[in-house]
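Dumped final-v4.txt below, it's compact mmCIF, C-alpha atoms:
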# COMPACT_ATOMS: atom_id res chain seq x y z
CA MET A 46 0.00 0.00 0.00
CA LYS A 47 2.87 2.39 0.85
CA ASN A 48 4.43 1.74 -2.54
CA ILE A 49 1.19 2.72 -4.32
CA LEU A 50 0.90 5.95 -2.36
CA LYS A 51 4.45 6.83 -3.45
CA LYS A 52 3.51 6.22 -7.08
CA ILE A 53 0.53 8.59 -7.05
CA LYS A 54 1.63 11.84 -8.68
CA ILE A 55 -0.50 14.96 -8.82
CA SER A 56 0.34 16.99 -11.90
CA ASN A 57 1.04 20.72 -11.76
CA TYR A 58 -2.03 21.48 -13.88
CA THR A 59 -4.18 20.01 -11.10
CA TYR A 60 -2.71 22.39 -8.51
CA ILE A 61 -3.33 25.38 -10.81
CA PHE A 62 -6.88 24.18 -11.44
CA ILE A 63 -7.57 23.75 -7.71
CA ILE A 64 -6.36 27.32 -7.02
CA ILE A 65 -8.56 28.75 -9.81
CA CYS A 66 -11.57 26.80 -8.49
CA ALA A 67 -10.94 28.01 -4.93
CA LEU A 68 -10.82 31.63 -6.13
CA CYS A 69 -14.13 31.21 -7.98
CA GLY A 70 -15.83 29.44 -5.06
CA TYR A 71 -16.00 26.00 -6.67
CA ILE A 72 -13.92 24.29 -3.96
CA LYS A 73 -16.69 21.80 -3.19
CA ASN A 74 -17.18 20.83 -6.84
CA ILE A 75 -13.46 20.29 -7.48
CA SER A 76 -13.00 18.22 -4.31
CA ILE A 77 -15.95 16.01 -5.33
CA ILE A 78 -14.49 15.57 -8.85
CA LEU A 79 -11.02 14.69 -7.55
CA CYS A 80 -12.45 12.23 -4.98
CA ILE A 81 -14.44 10.46 -7.71
CA CYS A 82 -11.30 10.32 -9.89
CA LEU A 83 -9.29 8.81 -7.02
CA ILE A 84 -11.99 6.18 -6.37
CA HIS A 85 -12.02 5.36 -10.10
CA GLU A 86 -8.23 4.86 -10.12
CA PHE A 87 -8.49 2.83 -6.91
CA GLY A 88 -10.72 0.36 -8.77
CA HIS A 89 -8.02 -0.09 -11.41
CA ILE A 90 -5.33 -0.49 -8.75
CA ILE A 91 -7.26 -3.23 -6.90
CA THR A 92 -7.70 -5.37 -10.02
CA ILE A 93 -4.09 -4.80 -11.11
CA LYS A 94 -2.92 -6.01 -7.69
CA LEU A 95 -5.29 -9.01 -7.92
CA PHE A 96 -3.71 -10.09 -11.22
CA LYS A 97 -0.20 -9.43 -9.78
CA TYR A 98 0.91 -6.89 -12.36
CA GLU A 99 3.10 -3.92 -11.48
CA ILE A 100 2.01 -0.28 -11.45
CA ASP A 101 4.41 2.24 -12.97
CA LYS A 102 2.65 5.39 -11.84
CA VAL A 103 -0.77 6.88 -11.13
CA GLU A 104 -1.17 10.40 -12.47
CA ILE A 105 -3.94 12.71 -11.25
CA LEU A 106 -4.93 15.24 -13.91
CA PRO A 107 -7.58 17.98 -13.47
CA PHE A 108 -10.34 15.91 -15.07
CA GLY A 109 -9.32 12.36 -14.29
CA GLY A 110 -6.57 9.96 -13.43
CA TYR A 111 -4.27 7.87 -15.55
CA THR A 112 -2.60 4.61 -14.48
CA THR A 113 0.27 3.09 -16.41
CA ILE A 114 0.74 -0.66 -15.95
CA ASN A 115 4.04 -2.47 -16.36
CA LYS A 116 3.01 -5.77 -17.97
CA ARG A 117 3.67 -7.92 -20.99
CA ILE A 118 1.69 -7.20 -24.13
CA ASN A 119 0.97 -10.91 -24.65
CA SER A 120 -0.73 -11.36 -21.26
CA SER A 121 -4.36 -12.45 -21.09
CA ILE A 122 -6.91 -10.25 -22.91
CA ASN A 123 -9.73 -11.09 -20.50
CA LYS A 124 -7.72 -9.76 -17.58
CA ASP A 125 -7.02 -6.54 -19.49
CA ILE A 126 -10.73 -6.06 -20.14
CA LEU A 127 -11.47 -6.58 -16.44
CA ILE A 128 -8.81 -4.02 -15.48
CA ALA A 129 -10.33 -1.48 -17.89
CA LEU A 130 -13.87 -2.12 -16.59
CA SER A 131 -13.01 -2.02 -12.88
CA GLY A 132 -12.79 1.78 -12.68
CA ILE A 133 -16.33 2.25 -13.93
CA PHE A 134 -17.52 -0.65 -11.75
CA MET A 135 -16.06 1.12 -8.69
CA GLN A 136 -17.93 4.30 -9.64
CA LEU A 137 -21.21 2.39 -9.95
CA ILE A 138 -20.64 0.99 -6.43
CA LEU A 139 -19.98 4.53 -5.20
CA SER A 140 -23.21 5.85 -6.70
CA PHE A 141 -25.11 2.93 -5.13
CA ILE A 142 -23.60 3.70 -1.68
CA ILE A 143 -24.47 7.38 -2.09
CA TYR A 144 -28.02 6.44 -3.11
CA ILE A 145 -28.47 4.30 0.03
CA SER A 146 -27.12 6.99 2.37
CA LYS A 147 -29.18 9.71 0.70
CA ASN A 148 -30.50 11.13 3.97
CA HIS A 149 -27.04 12.00 5.31
CA PHE A 150 -26.37 14.41 2.44
CA ASN A 151 -27.60 17.85 1.64
CA GLN A 152 -29.87 17.86 -1.45
CA ILE A 153 -27.48 20.09 -3.44
CA THR A 154 -24.35 18.02 -2.65
CA TYR A 155 -26.26 14.80 -3.41
CA ASN A 156 -27.21 16.13 -6.86
CA LEU A 157 -23.62 17.25 -7.48
CA ILE A 158 -22.08 13.89 -6.55
CA ILE A 159 -24.57 11.83 -8.58
CA LYS A 160 -24.30 14.03 -11.66
CA TYR A 161 -20.49 14.36 -11.64
CA ASN A 162 -20.27 10.60 -11.16
CA PHE A 163 -22.56 10.09 -14.16
CA ILE A 164 -20.60 12.57 -16.31
CA ILE A 165 -17.27 10.90 -15.50
CA ILE A 166 -18.69 7.43 -16.31
CA ILE A 167 -20.00 8.69 -19.68
CA PHE A 168 -16.71 10.47 -20.42
CA ASN A 169 -14.72 7.32 -19.68
CA LEU A 170 -16.86 5.26 -22.05
CA ILE A 171 -15.95 7.46 -25.06
CA PRO A 172 -13.68 5.39 -27.36
CA ILE A 173 -10.72 7.81 -27.63
CA ILE A 174 -7.26 6.42 -27.04
CA PRO A 175 -6.28 6.86 -23.39
CA LEU A 176 -9.85 6.41 -22.07
CA ASP A 177 -11.31 3.19 -20.68
CA GLY A 178 -13.97 2.76 -23.36
CA ASN A 179 -11.26 2.69 -26.00
CA LYS A 180 -9.26 0.08 -24.08
CA ILE A 181 -12.32 -2.20 -23.91
CA ILE A 182 -12.98 -1.83 -27.66
CA HIS A 183 -9.30 -2.36 -28.45
CA HIS A 184 -9.16 -5.62 -26.49
CA PHE A 185 -12.33 -6.90 -28.15
CA LEU A 186 -10.81 -6.06 -31.56
CA GLU A 187 -7.67 -7.95 -30.57
CA LYS A 188 -9.81 -11.01 -29.92
CA LEU A 189 -11.25 -10.84 -33.46
CA PHE A 190 -8.38 -9.53 -35.59
CA SER A 191 -4.58 -9.61 -35.63
CA TYR A 192 -2.48 -7.32 -33.44
CA HIS A 193 -1.47 -5.15 -36.41
CA LEU A 194 -5.00 -4.71 -37.80
CA SER A 195 -6.67 -4.15 -34.42
CA TYR A 196 -4.17 -1.39 -33.57
CA GLN A 197 -4.92 0.39 -36.85
CA LEU A 198 -8.69 -0.01 -36.46
CA ASN A 199 -8.41 1.31 -32.91
CA LEU A 200 -6.58 4.42 -34.11
CA ILE A 201 -9.24 5.05 -36.79
CA ILE A 202 -12.08 4.63 -34.28
CA SER A 203 -10.45 6.97 -31.79
CA ILE A 204 -9.78 9.67 -34.40
CA ILE A 205 -13.40 9.53 -35.63
CA SER A 206 -14.77 9.69 -32.07
CA LEU A 207 -12.39 12.55 -31.27
CA LEU A 208 -13.79 14.50 -34.22
CA ILE A 209 -17.34 13.84 -33.00
CA PHE A 210 -16.31 14.84 -29.46
CA THR A 211 -14.80 18.13 -30.68
CA TYR A 212 -17.89 18.78 -32.82
CA ILE A 213 -20.14 18.44 -29.78
CA ASN A 214 -17.82 20.45 -27.48
CA TYR A 215 -16.74 23.10 -29.98
CA LYS A 216 -17.90 25.92 -27.67
CA TYR A 217 -15.19 28.13 -26.25
CA HIS A 218 -14.33 26.66 -22.90
CA PHE A 219 -10.75 26.50 -21.68
CA ASP A 220 -11.38 23.07 -20.14
CA ASN A 221 -12.62 21.62 -23.41
CA TYR A 222 -9.46 22.69 -25.20
CA PHE A 223 -7.32 21.33 -22.38
CA ILE A 224 -9.01 17.92 -22.60
CA ILE A 225 -8.98 17.86 -26.42
CA SER A 226 -5.28 18.80 -26.61
CA PHE A 227 -4.47 16.05 -24.09
CA LEU A 228 -6.40 13.50 -26.19
CA VAL A 229 -4.68 14.65 -29.43
CA TYR A 230 -1.28 14.34 -27.72
CA LYS A 231 -2.09 10.79 -26.61
CA ILE A 232 -3.23 9.80 -30.14
CA ILE A 233 -0.01 11.20 -31.68
CA MET A 234 2.02 9.26 -29.12
CA ALA A 235 0.08 6.12 -30.05
CA PHE A 236 1.04 6.69 -33.73
CA LYS A 237 4.68 7.14 -32.79
CA ASN A 238 4.84 4.20 -30.41
CA TYR A 239 3.38 1.67 -32.82
CA LYS A 240 6.71 0.40 -34.23
CA TYR A 241 8.23 -0.05 -30.78
CA LEU A 242 5.12 -1.81 -29.49
CA GLU A 243 5.06 -4.16 -32.47
CA ASN A 244 8.73 -5.02 -31.94
CA ARG A 245 8.05 -5.63 -28.25
CA PHE A 246 5.07 -7.81 -29.13
CA LEU A 247 7.23 -10.00 -31.39
CA LEU A 248 10.22 -10.06 -29.05
CA GLU A 249 8.10 -11.23 -26.12
CA ARG A 250 6.79 -14.07 -28.22
CA TYR A 251 10.35 -14.98 -29.15
CA LEU A 252 11.80 -14.82 -25.64
CA TYR A 253 9.08 -16.33 -23.43
CA ASN A 254 6.89 -19.40 -23.65
CA PHE A 255 3.23 -18.47 -23.28
CA ASN A 256 0.61 -21.16 -22.71
CA TYR A 257 -2.27 -20.60 -25.08
CA ASN A 258 -5.30 -22.78 -25.60
CA LYS A 259 -5.98 -21.66 -29.15
CA ILE A 260 -3.84 -22.83 -32.06
CA GLU A 261 -3.98 -21.53 -35.60
CA ASN A 262 -2.37 -23.68 -38.25
CA ASN A 263 -2.49 -21.75 -41.44
CA THR A 264 -0.88 -18.35 -41.01
CA LYS A 265 0.92 -16.75 -43.94
CA ASN A 266 2.19 -13.37 -42.82
CA ILE A 267 4.01 -12.19 -39.69
CA LYS A 268 1.59 -9.24 -39.48
CA SER A 269 -1.41 -11.55 -39.05
CA LEU A 270 -0.22 -12.78 -35.64
CA LYS A 271 -2.96 -12.69 -33.03
CA LYS A 272 -2.73 -12.06 -29.33
CA ASN A 273 -3.29 -15.10 -27.07
CA VAL A 274 -3.14 -17.55 -30.03
CA LEU A 275 -0.30 -19.93 -30.90
CA HIS A 276 0.57 -19.79 -34.59
CA TYR A 277 2.09 -22.25 -37.03
CA PHE A 278 3.23 -21.18 -40.48
CA LYS A 279 2.66 -23.44 -43.50
CA GLU A 280 5.27 -23.49 -46.23
CA ASN A 281 5.70 -26.24 -48.86
CA ASN A 282 3.60 -28.70 -46.84
CA HIS A 283 5.75 -28.13 -43.74
CA TYR A 284 4.62 -26.59 -40.50
CA ILE A 285 7.06 -24.03 -39.13
CA LYS A 286 7.03 -22.74 -35.52
CA GLU A 287 6.29 -19.07 -35.07
CA LYS A 288 9.48 -18.49 -33.05
CA LYS A 289 11.59 -19.35 -36.08
CA LYS A 290 9.68 -16.96 -38.33
CA ILE A 291 9.84 -14.18 -35.72
CA ALA A 292 13.60 -14.66 -35.37
CA GLU A 293 13.92 -14.34 -39.14
CA TYR A 294 11.84 -11.17 -39.05
CA LEU A 295 13.74 -9.59 -36.15
CA TYR A 296 17.19 -10.34 -37.60
CA ARG A 297 16.25 -9.39 -41.15
CA PHE A 298 18.80 -6.57 -41.41
CA MET B 268 35.53 -4.73 -13.96
CA ASN B 269 32.91 -7.39 -13.60
CA ILE B 270 29.15 -6.84 -13.88
CA ASP B 271 28.77 -7.71 -10.19
CA ASP B 272 31.10 -4.84 -9.25
CA TYR B 273 28.92 -2.42 -11.17
CA THR B 274 25.80 -3.68 -9.40
CA LYS B 275 27.55 -3.29 -6.04
CA ILE B 276 28.48 0.31 -6.84
CA SER B 277 24.96 1.13 -7.97
CA HIS B 278 23.52 -0.49 -4.83
CA LYS B 279 25.85 1.60 -2.67
CA ARG B 280 24.73 4.75 -4.43
CA TYR B 281 21.07 3.94 -3.91
CA SER B 282 21.52 3.15 -0.24
CA SER B 283 23.40 6.41 0.37
CA ASN B 284 20.71 8.30 -1.54
CA ASP B 285 18.07 7.21 0.98
CA ASP B 286 19.88 8.93 3.85
CA ASN B 287 20.47 12.01 1.72
CA ASN B 288 16.76 12.21 0.92
CA LYS B 289 15.85 12.17 4.61
CA ILE B 290 18.32 14.97 5.37
CA LYS B 291 17.01 16.97 2.39
CA TYR B 292 13.41 16.50 3.57
CA LEU B 293 14.32 17.69 7.07
CA LYS B 294 16.14 20.73 5.66
CA HIS B 295 13.15 21.68 3.54
CA LEU B 296 10.76 21.23 6.47
CA ILE B 297 12.85 23.42 8.76
CA THR B 298 13.18 26.18 6.14
CA ARG B 299 9.43 26.15 5.54
CA ILE B 300 8.68 26.43 9.27
CA LEU B 301 11.18 29.30 9.64
CA ILE B 302 9.72 31.22 6.66
CA SER B 303 6.19 30.90 8.03
CA LEU B 304 7.39 32.07 11.47
CA ILE B 305 9.05 35.12 9.88
CA LEU B 306 5.81 35.95 8.04
CA ILE B 307 3.75 35.68 11.25
CA ILE B 308 6.21 37.95 13.12
CA CYS B 309 6.13 40.46 10.23
CA ILE B 310 2.32 40.64 10.37
CA ALA B 311 2.33 40.93 14.17
CA THR B 312 4.76 43.88 14.09
CA TYR B 313 2.80 45.48 11.23
CA ILE B 314 -0.36 45.41 13.35
CA LYS B 315 1.43 46.93 16.37
CA ILE B 316 2.83 49.91 14.41
CA ASP B 317 -0.49 51.65 13.82
CA ASP B 318 -4.16 51.25 14.75
CA ASP B 319 -5.25 51.69 11.11
CA ASN B 320 -3.10 48.76 10.10
CA SER B 321 -4.78 46.49 12.62
CA SER B 322 -8.22 47.50 11.37
CA LEU B 323 -7.07 46.78 7.79
CA VAL B 324 -5.88 43.30 8.74
CA ASP B 325 -9.08 42.71 10.68
CA LYS B 326 -11.16 43.75 7.69
CA TYR B 327 -9.37 41.82 4.95
CA LEU B 328 -8.32 38.73 6.93
CA PHE B 329 -11.29 38.05 9.18
CA LYS B 330 -14.39 39.90 7.99
CA ASP B 331 -14.41 40.33 4.22
CA ASN B 332 -15.06 37.45 1.88
CA LEU B 333 -13.42 37.04 -1.49
CA LYS B 334 -15.61 38.30 -4.33
CA PHE B 335 -16.18 34.79 -5.61
CA THR B 336 -18.94 35.69 -8.04
CA LYS B 337 -16.96 38.58 -9.56
CA ILE B 338 -13.87 36.43 -10.16
CA ASN B 339 -16.10 33.67 -11.50
CA LYS B 340 -17.83 36.04 -13.91
CA TRP B 341 -14.49 37.44 -15.12
CA TYR B 342 -13.11 33.94 -15.64
CA GLN B 343 -16.23 32.79 -17.47
CA ASP B 344 -16.07 35.80 -19.80
CA LYS B 345 -12.42 35.08 -20.66
CA PHE B 346 -12.09 31.30 -20.55
CA GLY B 347 -15.56 29.77 -20.34
CA ASN B 348 -16.90 27.40 -17.72
CA ILE B 349 -14.54 26.02 -15.09
CA VAL B 350 -16.40 22.92 -13.93
CA PRO B 351 -18.99 21.09 -16.03
CA ASN B 352 -22.14 23.15 -15.73
CA ILE B 353 -25.03 21.39 -14.03
CA LYS B 354 -28.46 22.93 -14.10
CA ASP B 355 -31.29 21.55 -12.05
CA ASN B 356 -34.40 21.55 -14.22
CA SER B 357 -36.72 20.60 -11.36
CA LEU B 358 -38.75 23.45 -9.91
CA TYR B 359 -39.97 23.72 -6.33
CA VAL B 360 -43.70 23.98 -5.84
CA PHE B 361 -45.07 25.75 -2.77
CA SER B 362 -48.62 25.96 -1.53
CA ASN B 363 -48.07 29.04 0.63
CA ASN B 364 -48.88 32.57 -0.37
CA ILE B 365 -45.71 34.63 -0.29
CA LYS B 366 -46.39 38.30 0.25
CA GLU B 367 -43.22 40.00 -0.93
CA ASN B 368 -44.91 43.36 -1.17
CA GLU B 369 -45.97 43.63 2.49
CA TYR B 370 -42.93 44.97 4.30
CA THR B 371 -41.78 47.54 6.84
CA THR B 372 -38.31 48.98 7.33
CA TYR B 373 -36.22 47.40 10.08
CA LYS B 374 -32.69 48.51 10.98
CA ASP B 375 -30.62 48.42 7.75
CA GLY B 376 -33.03 46.34 5.71
CA VAL B 377 -36.68 45.40 5.58
CA LYS B 378 -38.99 43.11 7.51
CA ILE B 379 -41.16 41.10 5.12
CA ASN B 380 -44.38 39.46 6.22
CA TYR B 381 -44.36 35.70 5.79
CA GLN B 382 -46.47 32.80 6.91
CA LYS B 383 -44.85 30.90 9.76
CA ASN B 384 -42.74 27.91 8.59
CA SER B 385 -43.28 28.81 4.96
CA PRO B 386 -40.31 28.14 2.65
CA VAL B 387 -37.94 30.99 1.80
CA THR B 388 -36.55 31.13 -1.73
CA LEU B 389 -33.70 33.07 -3.28
CA LEU B 390 -34.24 36.27 -5.25
CA ASN B 391 -31.15 35.69 -7.40
CA GLY B 392 -28.57 32.93 -7.84
CA GLY B 393 -25.21 33.09 -6.08
CA ILE B 394 -22.88 31.51 -3.56
CA VAL B 395 -23.56 31.09 0.18
CA ILE B 396 -20.82 32.85 2.18
CA PHE B 397 -22.21 32.91 5.70
CA ILE B 398 -24.57 30.81 7.83
CA GLY B 399 -24.97 31.64 11.51
CA GLU B 400 -26.29 33.96 14.20
CA LYS B 401 -26.21 37.75 13.77
CA GLU B 402 -27.21 40.35 16.33
CA GLY B 403 -30.80 41.49 15.82
CA TYR B 404 -31.39 39.21 12.86
CA ASN B 405 -31.42 35.73 14.50
CA ASN B 406 -30.19 32.94 12.25
CA THR B 407 -28.98 34.48 9.01
CA ILE B 408 -27.81 33.37 5.59
CA ILE B 409 -25.69 35.67 3.40
CA VAL B 410 -25.66 34.95 -0.33
CA GLN B 411 -23.22 36.65 -2.69
CA GLY B 412 -25.38 37.14 -5.79
CA ASN B 413 -24.24 36.81 -9.37
CA ASP B 414 -25.29 40.43 -9.97
CA GLY B 415 -22.85 41.74 -7.31
CA ILE B 416 -25.47 42.22 -4.60
CA ASP B 417 -25.12 40.59 -1.17
CA TYR B 418 -28.45 39.19 0.02
CA THR B 419 -28.78 38.78 3.79
CA TYR B 420 -31.75 36.69 4.94
CA GLY B 421 -32.54 36.85 8.65
CA ASN B 422 -34.84 34.92 11.00
CA ILE B 423 -34.59 31.59 9.17
CA THR B 424 -34.66 27.99 10.50
CA ASN B 425 -34.17 24.55 8.94
CA VAL B 426 -31.40 25.80 6.66
CA SER B 427 -31.17 23.47 3.66
CA VAL B 428 -27.95 24.78 2.09
CA ASN B 429 -24.28 24.37 3.01
CA LEU B 430 -21.52 26.93 3.10
CA TYR B 431 -19.98 27.73 -0.31
CA ASP B 432 -22.78 26.09 -2.31
CA TYR B 433 -23.52 27.63 -5.66
CA ILE B 434 -27.31 27.91 -5.83
CA GLU B 435 -29.65 29.13 -8.50
CA LYS B 436 -32.63 31.46 -8.46
CA ASP B 437 -35.78 30.23 -6.68
CA THR B 438 -34.03 27.44 -4.76
CA LEU B 439 -35.19 26.74 -1.23
CA ILE B 440 -32.80 27.95 1.49
CA GLY B 441 -34.86 27.50 4.64
CA GLU B 442 -38.09 28.23 6.51
CA ALA B 443 -39.33 31.36 8.23
CA LEU B 444 -38.94 31.19 12.04
CA ASP B 445 -41.88 33.52 12.77
CA ASN B 446 -44.37 35.24 10.52
CA TYR B 447 -41.69 37.56 9.12
CA ILE B 448 -38.14 37.47 7.74
CA TYR B 449 -35.45 40.14 7.50
CA LEU B 450 -33.81 41.02 4.20
CA ILE B 451 -30.83 43.31 3.56
CA LEU B 452 -29.55 44.19 0.10
CA GLU B 453 -25.97 45.39 -0.08
CA LYS B 454 -23.90 46.41 -3.08
CA ASP B 455 -20.17 47.22 -2.71
CA GLY B 456 -20.68 47.92 0.99
CA GLN B 457 -23.63 50.26 0.43
CA ILE B 458 -27.17 49.36 1.44
CA MET B 459 -29.73 49.32 -1.36
CA ASN B 460 -33.36 50.33 -1.22
CA TYR B 461 -35.68 47.35 -1.37
CA GLU B 462 -38.41 49.31 -3.18
CA GLU B 463 -36.06 50.32 -6.00
CA TYR B 464 -34.79 46.78 -6.26
CA LEU B 465 -38.33 45.44 -6.66
CA LYS B 466 -39.07 48.02 -9.35
CA LYS B 467 -35.95 47.09 -11.32
CA ASN B 468 -36.90 43.42 -11.47
Entire entry expressed as structure tokens:
Amino acid sequence: MKNILKKIKISNYTYIFIIICALCGYIKNISIILCICLIHEFGHIITIKLFKYEIDKVEILPFGGYTTINKRINSSINKDILIALSGIFMQLILSFIIYISKNHFNQITYNLIIKYNFIIIIFNLIPIIPLDGNKIIHHFLEKLFSYHLSYQLNLIISIISLLIFTYINYKYHFDNYFIISFLVYKIIMAFKNYKYLENRFLLERYLYNFNYNKIENNTKNIKSLKKNVLHYFKENNHYIKEKKKIAEYLYRF
Amino acid sequence: MNIDDYTKISHKRYSSNDDNNKIKYLKHLITRILISLILIICIATYIKIDDDNSSLVDKYLFKDNLKFTKINKWYQDKFGNIVPNIKDNSLYVFSNNIKENEYTTYKDGVKINYQKNSPVTLLNGGIVIFIGEKEGYNNTIIVQGNDGIDYTYGNITNVSVNLYDYIEKDTLIGEALDNYIYLILEKDGQIMNYEEYLKKN
């Protein structure tokens, strides 16, 4: 627990935002928002600890948190989906608890908590790259398609949804532009990181032995490798192990 | 050198860093405490120099509130909303007859006739900056309105708002203790006439 507390980092933007809110008299609203964000991240942390992965850092931004996990790309997809869902699940529990203990709250604070909770759940379900909704969609795509194709599809989906998001929130609010610029930055980073991630994906498969239940016999290209599936290549009526093909691909220069 | 030697050196560095961090933390803590002490002593001497100074400190530190609504309005003109805007569409329905026009002057403000235990609603939206007892006005609520006017409601029980809540027009803030409430309108420290205010709106 102590280690996790050390890894929680509050960004400088959050401090500036808290000061502005305090000057404008929104101290209650901002404390409610930050508490909900912390509870959301706590849900992620619990499931990550349950699956025995490592947490790199937990960042608290003005409008939400962001956890980075240190795990292998080829680990189980189902666990990843559960990790992505746990934040929203925690928020639903919170709203249920608040609903039960309705009488202990002032009417105005009760409305604030319920509505901010609802807004944050809806915001997290938008399929843009760093958000939870996108992670869920990405993992489902990985179940259907290859790693390469699912990554590309994910990028296309997130760009389209970002355009829709900006179209809805085009009004001049400083917060909107802050959020949109953060999302654009994350999408650009996803573009840049693709080649490194693909190399890591192949290298992990080469170095470690993963136990998969599914086996696919007739793969032709290295780019059609799927997550959580063991592949065999077919060439001239011979089956070739994927490790051999990956080694050829990695040492091609 | 062997790889093991390198690891040993790095381990030594890390272990020494831990002690250094503790010393650094202590140094920072002590400097912070000393700076705050110096500030307190500065203020204390500043108050002692002149009587006017002490009244200034008393006014700005203890009595006056920040002009939350003014800062908020300025910020919203320049940068837009700060927090996601939430508007309550539900309206309160009351069965009582509220006689806003039957009033007599009382001290700084007016004394409006009300039915006993009838709900009191806000004239204009704003932020609650004070809830508590005031001399001559019983239990009072002060609301800093969005239009720059401070609304002081006196003689109110069953307060249903908290301190620093942003509330909108016509929301319920409490119930009348007797068959009257007190109301003071204040703008920039000057008391406004209730009659003129009613005519404007």
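Selecting chain B residues within 9 Å of chain A and counting all atoms listed in the file yields Leu333, Lys334, Phe335, Thr336, Lys337, Ile338, Asn339, Lys340, Tyr342, Gln343, Lys345, Phe346, Gly347, Asn348, Ile349, Val350, Pro351, Ile353, Asp355, Ile394, Ser427, Val428, Asn429, Tyr431, Asp432, Tyr433 and Ile434 of chain B.
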B:Glu402 environment, 12 Å, all atoms listed in the file, sequence neighbours closer than 2 positions dropped, as a ChimeraX atom specification: /B:374,399-400,404-407,421-422
Polymer residues at most 8 Å from stretch 175-183 of chain A, all atoms listed in the file, same-chain spacing of 3 or more positions, as a PyMOL selection string: chain A and resi 126+129-130+169-172+186-187+195-196+199+203+228+231-232
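Here atom CA of A:Phe298 is placed at a distance of 16.6 Å from atom CA of A:Glu243.
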Pairwise distance for atom CA of A:Lys51 and atom CA of A:Cys82, rounded to one decimal in Å: 17.4 Å
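Interatomic distance, atom CA of B:Ile310 to atom CA of B:Lys330: 16.9 Å.
Those residues that approach B:Asn380 to within 7 Å, counting all atoms listed in the file, are Lys366, Glu369, Tyr370, Asn446, Tyr447 and Ile448 of chain B; same-chain residues fewer than 4 positions away are not listed.
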